[in-house]
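**Student:** Take a look at this one; I'll ask things after.
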Amino acid sequence: MTHHAFVIAGSEATGGAGIQADLKTFQQLGVYGTGAITCIVSFDPGNDWAHRFVPIEPQVIADQIEAATAAHDLDVVKIGMLGTPATIDVVAEALGQGSFSHVVLDPVLICKGQEPGAALDTDNALREQIVPHATVVTPNVFESTTLAGMDAIETVEDLAEAARRIHALGPDYVLAKGGVELPGDDAVDVLYDGTDIHVFSAPKVGKERVSGAGCTLAAAITAELAKGATDVRDAVQTAKDLVTAGIKERLSAHTPFDVLWQGAGVPARTS
Ligand code: PXL
């Protein structure tokens, strides 16, 4: 039986992040990937790899969602970078129709190259219109700090507090990711389901951030749910294992960060 998953996200042409990383992750986990593009991010090698950001016309995003959902029975969707309030309106409308049983949200907040004012509108629209639809939301430290309205996140207890506050916005599960950002030898993530806190921990692989880790983690959770995982903790553990293996086998590139290799670690088909 072939399982399908859908992703609504931005394109990042170097292949490290965005829908390119998402579709590779789906494939690696044995899931047939379908996807709609919300925006195009082109790094600028002549300007310190700054992000050049171009939103896709809202109607074109709606058309892509229409095409993908008409072609396949899509039950599980990952939401990546949205980028503008107009895009968020279109995606919120699609989620509001209730045809997805699971929505995995990587709440990508800021992209260099966007106007700070526009980014604030986008943050608020994401918090109000998209976060409440999520089965799982996967903020990093910066996104957790912003969504939870905290001054700083410096400890695992702070991460847990952020997860509780973000849970109050309406998602079923919050996976607040510490990654390499918190002090200590381990990359620690905290999952809150409204009752219990569950801590995931793996030894850090180096101290530097790797491009694609956040996209890949959320895409892998999506793939596991698409295959029928009934326990979100199991899906998160599989995703974290894939990310840890992919960071160990990272590729170097001419960009400022190495990139995660989705082909590492996990057998290509586990269903
Ligand atoms: O990693 C966040 C991210 C997500 N989606 C797109 C991106 C980036 C970061 O560059 O470009 C399209």
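Note on naming: chains are A, B, ... as they come in the structure tokens, residues start from 1 per chain, ligands start from 1 in the order shown.
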List every residue of chain A that has an atom at most 6 Å from any atom of ligand 1, giving for each one its closest atom pair and the distance in Å to one decimal, counting only C-alpha atoms and all ligand atoms, sorted by chain and then by ascending residue number, as CSV.

**Tutor:**
```
residue,atom,partner,partner_atom_place_in_ligand_line,distance
A:Gly10,CA,ligand 1,12 (C),3.7
A:Ser11,CA,ligand 1,12 (C),4.5
A:Glu12,CA,ligand 1,12 (C),4.5
A:Ala17,CA,ligand 1,1 (O),5.1
A:Gly18,CA,ligand 1,5 (N),3.7
A:Val41,CA,ligand 1,11 (O),5.0
A:Gly80,CA,ligand 1,5 (N),6.0
A:Met81,CA,ligand 1,5 (N),4.7
A:Val108,CA,ligand 1,2 (C),5.9
A:Gly212,CA,ligand 1,1 (O),5.7
A:Cys215,CA,ligand 1,1 (O),5.9
```

**Student:** Excluding same-chain residues fewer than 3 positions from region 188-194 of chain A, what lies within 9 Å of it counting only C-alpha atoms, as JSON, numbers by chain?

**Tutor:** {"A": [156, 159, 160, 163, 164, 167, 168, 171, 172, 173, 174, 175, 176, 177, 178, 179, 180, 182, 197, 198, 199, 200, 201, 202, 203, 204, 233, 236]}

**Student:** Name the closest residue to Leu251 (chain A) among the candidates A:Gly16, A:Gln129, A:Ala235, A:His102; distances are taken between atoms, counting only C-alpha atoms.

**Tutor:** A:Gly16

**Student:** Could you pull the residues within 8 Å of Glu143 (chain A), counting only C-alpha atoms, minus those fewer than 2 positions along the same chain, as a list in words?

**Tutor:**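 Residues near the query, excluding close chain neighbours: Pro107, Val108, Leu109, Pro139, Asn140, Val141, Thr145, Thr146 and Leu147 of chain A.
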
**Student:** Selection from above, C-alpha atoms, as a short mmCIF file (atom, residue, chain, number, x, y, z; two decimals), in the first residue's frame, can you write it?

**Tutor:**
```
data_model
loop_
_atom_site.label_atom_id
_atom_site.label_comp_id
_atom_site.auth_asym_id
_atom_site.auth_seq_id
_atom_site.Cartn_x
_atom_site.Cartn_y
_atom_site.Cartn_z
CA PRO A 107 6.12 27.63 12.12
CA VAL A 108 8.82 29.29 10.01
CA LEU A 109 8.66 32.89 11.16
CA PRO A 139 8.92 25.63 16.83
CA ASN A 140 12.67 26.16 17.26
CA VAL A 141 13.98 28.33 20.10
CA THR A 145 10.14 32.51 22.19
CA THR A 146 8.03 34.53 19.75
CA LEU A 147 4.91 32.34 19.75
#
```

**Student:** List every residue of region 35-264 of chain A that DSSP, applied to the backbone of this structure, assigns to strand (DSSP E or B), and report them as a ChimeraX atom specification.

**Tutor:** /A:35-44,50-55,76-79,102-105,136-137,173-177,186-192,197-203,211,251,259

**Student:** If you count only C-alpha atoms, which residues fall within 8 Å of region 238-245 of chain A, apart from same-chain ones fewer than 5 positions away, as a list in words?

**Tutor:**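 Listed by chain and then number, they are Ala202, Val205, Ala213, Thr216, Leu217, Ala218, Ala220, Ile221, Glu224, Leu260, Gln262, Ala264, Gly265 and Val266 of chain A.
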
**Student:** Skip region 57-63 of chain A itself and residues of its chain fewer than 2 positions away, then list as JSON, numbers by chain all residues within 12 Å of it, counting only C-alpha atoms.

**Tutor:** {"A": [7, 8, 9, 10, 35, 36, 37, 38, 39, 40, 54, 55, 65, 66, 67, 68, 69, 70, 82, 83, 84, 85, 86, 87, 88, 89, 90, 91, 92, 93, 94, 95]}

**Student:** In terms of the shortest atom-to-atom distance over only C-alpha atoms, which of A:Ala162, A:Ile130, A:Val76, A:Ala148 is closest to Ala229 (chain A)?

**Tutor:**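 Looking at the shortest contact to Ala229 (chain A), the residue is A:Val76.
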
**Student:** Give the answer as one residue: which of A:Arg127, A:His4, A:Lys78, A:Arg165 has the shortest atom-to-atom distance to Asp106 (chain A), using only C-alpha atoms?

**Tutor:**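 With only C-alpha atoms as the atom set, the closest residue is A:Lys78.
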
**Student:** At what distance in Å, to one decimal, does CA of Leu225 (chain A) lie from CA of Val103 (chain A)?

**Tutor:** 9.5 Å

**Student:** Could you list, as a tab-separated table (two decimals) with all heavy atoms, in the first residue's frame, every residue within 10 Å of region 1-3 of chain A, counting only C-alpha atoms and ignoring same-chain residues fewer than 6 positions away?

**Tutor:**
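Dumped everything to result-v1.tsv:
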```tsv
chain	number	residue	atom	x	y	z
A	26	PHE	N	10.02	12.66	2.65
A	26	PHE	CA	8.87	11.77	2.41
A	26	PHE	C	9.35	10.51	1.68
A	26	PHE	O	9.01	9.39	2.04
A	26	PHE	CB	7.81	12.46	1.55
A	26	PHE	CG	7.04	13.58	2.23
A	26	PHE	CD1	6.19	14.39	1.47
A	26	PHE	CD2	7.14	13.83	3.59
A	26	PHE	CE1	5.45	15.41	2.06
A	26	PHE	CE2	6.42	14.86	4.19
A	26	PHE	CZ	5.57	15.65	3.42
A	30	GLY	N	9.43	6.32	2.60
A	30	GLY	CA	8.53	5.43	1.85
A	30	GLY	C	7.15	6.01	1.62
A	30	GLY	O	6.18	5.27	1.46
A	31	VAL	N	7.07	7.35	1.57
A	31	VAL	CA	5.77	8.00	1.39
A	31	VAL	C	5.79	8.79	0.08
A	31	VAL	O	6.77	9.47	-0.24
A	31	VAL	CB	5.49	8.95	2.59
A	31	VAL	CG1	4.30	9.84	2.32
A	31	VAL	CG2	5.29	8.13	3.85
A	32	TYR	N	4.70	8.70	-0.68
A	32	TYR	CA	4.58	9.41	-1.95
A	32	TYR	C	4.30	10.88	-1.66
A	32	TYR	O	3.28	11.21	-1.05
A	32	TYR	CB	3.45	8.79	-2.80
A	32	TYR	CG	3.32	9.43	-4.15
A	32	TYR	CD1	4.09	8.99	-5.21
A	32	TYR	CD2	2.43	10.47	-4.36
A	32	TYR	CE1	3.99	9.59	-6.46
A	32	TYR	CE2	2.31	11.07	-5.60
A	32	TYR	CZ	3.10	10.62	-6.65
A	32	TYR	OH	3.00	11.22	-7.88
A	33	GLY	N	5.21	11.75	-2.11
A	33	GLY	CA	5.09	13.17	-1.78
A	33	GLY	C	4.37	13.98	-2.84
A	33	GLY	O	4.56	13.79	-4.04
A	73	ASP	N	-6.03	11.22	-2.45
A	73	ASP	CA	-6.69	11.32	-1.15
A	73	ASP	C	-5.62	11.69	-0.13
A	73	ASP	O	-4.86	10.82	0.31
A	73	ASP	CB	-7.35	9.99	-0.78
A	73	ASP	CG	-8.46	9.65	-1.75
A	73	ASP	OD1	-9.17	10.59	-2.19
A	73	ASP	OD2	-8.60	8.46	-2.10
A	74	LEU	N	-5.54	12.95	0.21
A	74	LEU	CA	-4.47	13.43	1.08
A	74	LEU	C	-5.03	13.69	2.47
A	74	LEU	O	-5.91	14.54	2.64
A	74	LEU	CB	-3.84	14.70	0.49
A	74	LEU	CG	-3.24	14.51	-0.90
A	74	LEU	CD1	-2.81	15.84	-1.49
A	74	LEU	CD2	-2.08	13.53	-0.86
A	75	ASP	N	-4.49	12.97	3.42
A	75	ASP	CA	-5.04	12.99	4.76
A	75	ASP	C	-4.14	13.77	5.73
A	75	ASP	O	-4.58	14.23	6.77
A	75	ASP	CB	-5.13	11.52	5.19
A	75	ASP	CG	-6.07	11.31	6.32
A	75	ASP	OD1	-7.06	12.05	6.38
A	75	ASP	OD2	-5.79	10.44	7.16
A	76	VAL	N	-2.86	13.85	5.35
A	76	VAL	CA	-1.87	14.42	6.25
A	76	VAL	C	-1.08	15.48	5.48
A	76	VAL	O	-0.65	15.24	4.36
A	76	VAL	CB	-0.91	13.31	6.75
A	76	VAL	CG1	0.14	13.88	7.69
A	76	VAL	CG2	-1.70	12.22	7.47
A	223	ALA	N	5.42	12.21	7.51
A	223	ALA	CA	5.48	10.92	6.81
A	223	ALA	C	5.05	9.78	7.73
A	223	ALA	O	4.29	8.88	7.33
A	223	ALA	CB	6.89	10.67	6.28
A	224	GLU	N	5.50	9.83	8.97
A	224	GLU	CA	5.13	8.76	9.91
A	224	GLU	C	3.63	8.76	10.20
A	224	GLU	O	3.00	7.71	10.27
A	224	GLU	CB	5.95	8.88	11.21
A	224	GLU	CG	7.42	8.54	11.03
A	224	GLU	CD	7.60	7.13	10.48
A	224	GLU	OE1	7.22	6.15	11.16
A	224	GLU	OE2	8.11	7.00	9.35
A	225	LEU	N	3.05	9.95	10.33
A	225	LEU	CA	1.60	10.03	10.55
A	225	LEU	C	0.86	9.54	9.30
A	225	LEU	O	-0.16	8.86	9.40
A	225	LEU	CB	1.18	11.46	10.91
A	225	LEU	CG	1.68	11.97	12.26
A	225	LEU	CD1	1.30	13.44	12.45
A	225	LEU	CD2	1.14	11.14	13.42
A	226	ALA	N	1.41	9.86	8.12
A	226	ALA	CA	0.78	9.41	6.87
A	226	ALA	C	0.79	7.88	6.78
A	226	ALA	O	-0.10	7.28	6.18
A	226	ALA	CB	1.49	10.03	5.67
A	227	LYS	N	1.80	7.25	7.37
A	227	LYS	CA	1.89	5.79	7.35
A	227	LYS	C	1.02	5.16	8.43
A	227	LYS	O	0.99	3.94	8.57
A	227	LYS	CB	3.34	5.34	7.51
A	227	LYS	CG	4.17	5.64	6.27
A	227	LYS	CD	5.53	4.96	6.28
A	227	LYS	CE	6.42	5.52	7.34
A	227	LYS	NZ	7.82	5.03	7.20
A	228	GLY	N	0.40	6.01	9.24
A	228	GLY	CA	-0.55	5.49	10.21
A	228	GLY	C	-0.05	5.43	11.65
A	228	GLY	O	-0.68	4.80	12.49
A	271	SER	N	7.15	0.56	5.91
A	271	SER	CA	5.74	0.18	6.10
A	271	SER	C	5.51	-1.26	5.67
A	271	SER	O	6.31	-1.83	4.96
A	271	SER	CB	4.83	1.09	5.31
A	271	SER	OG	5.15	1.04	3.95
```

**Student:** Write down as a PyMOL selection string the residues belonging to region 32-269 of chain A that are assigned alpha helix (DSSP H) by DSSP computed on the backbone.

**Tutor:** chain A and resi 58-71+85-96+116-125+141-148+156-167+213-226+232-248

**Student:** Determine the nearest neighbour of Ser42 (chain A) from the options A:Thr122, A:Thr25, A:Thr14, A:Gln237, counting only C-alpha atoms.

**Tutor:**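 Using only C-alpha atoms, the shortest distance to Ser42 (chain A) belongs to A:Thr14.
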
**Student:** Pick from A:Ala152, A:Ala5, A:Leu169, A:Leu105: nearest to Glu128 (chain A), with only C-alpha atoms counted?

**Tutor:** A:Leu169
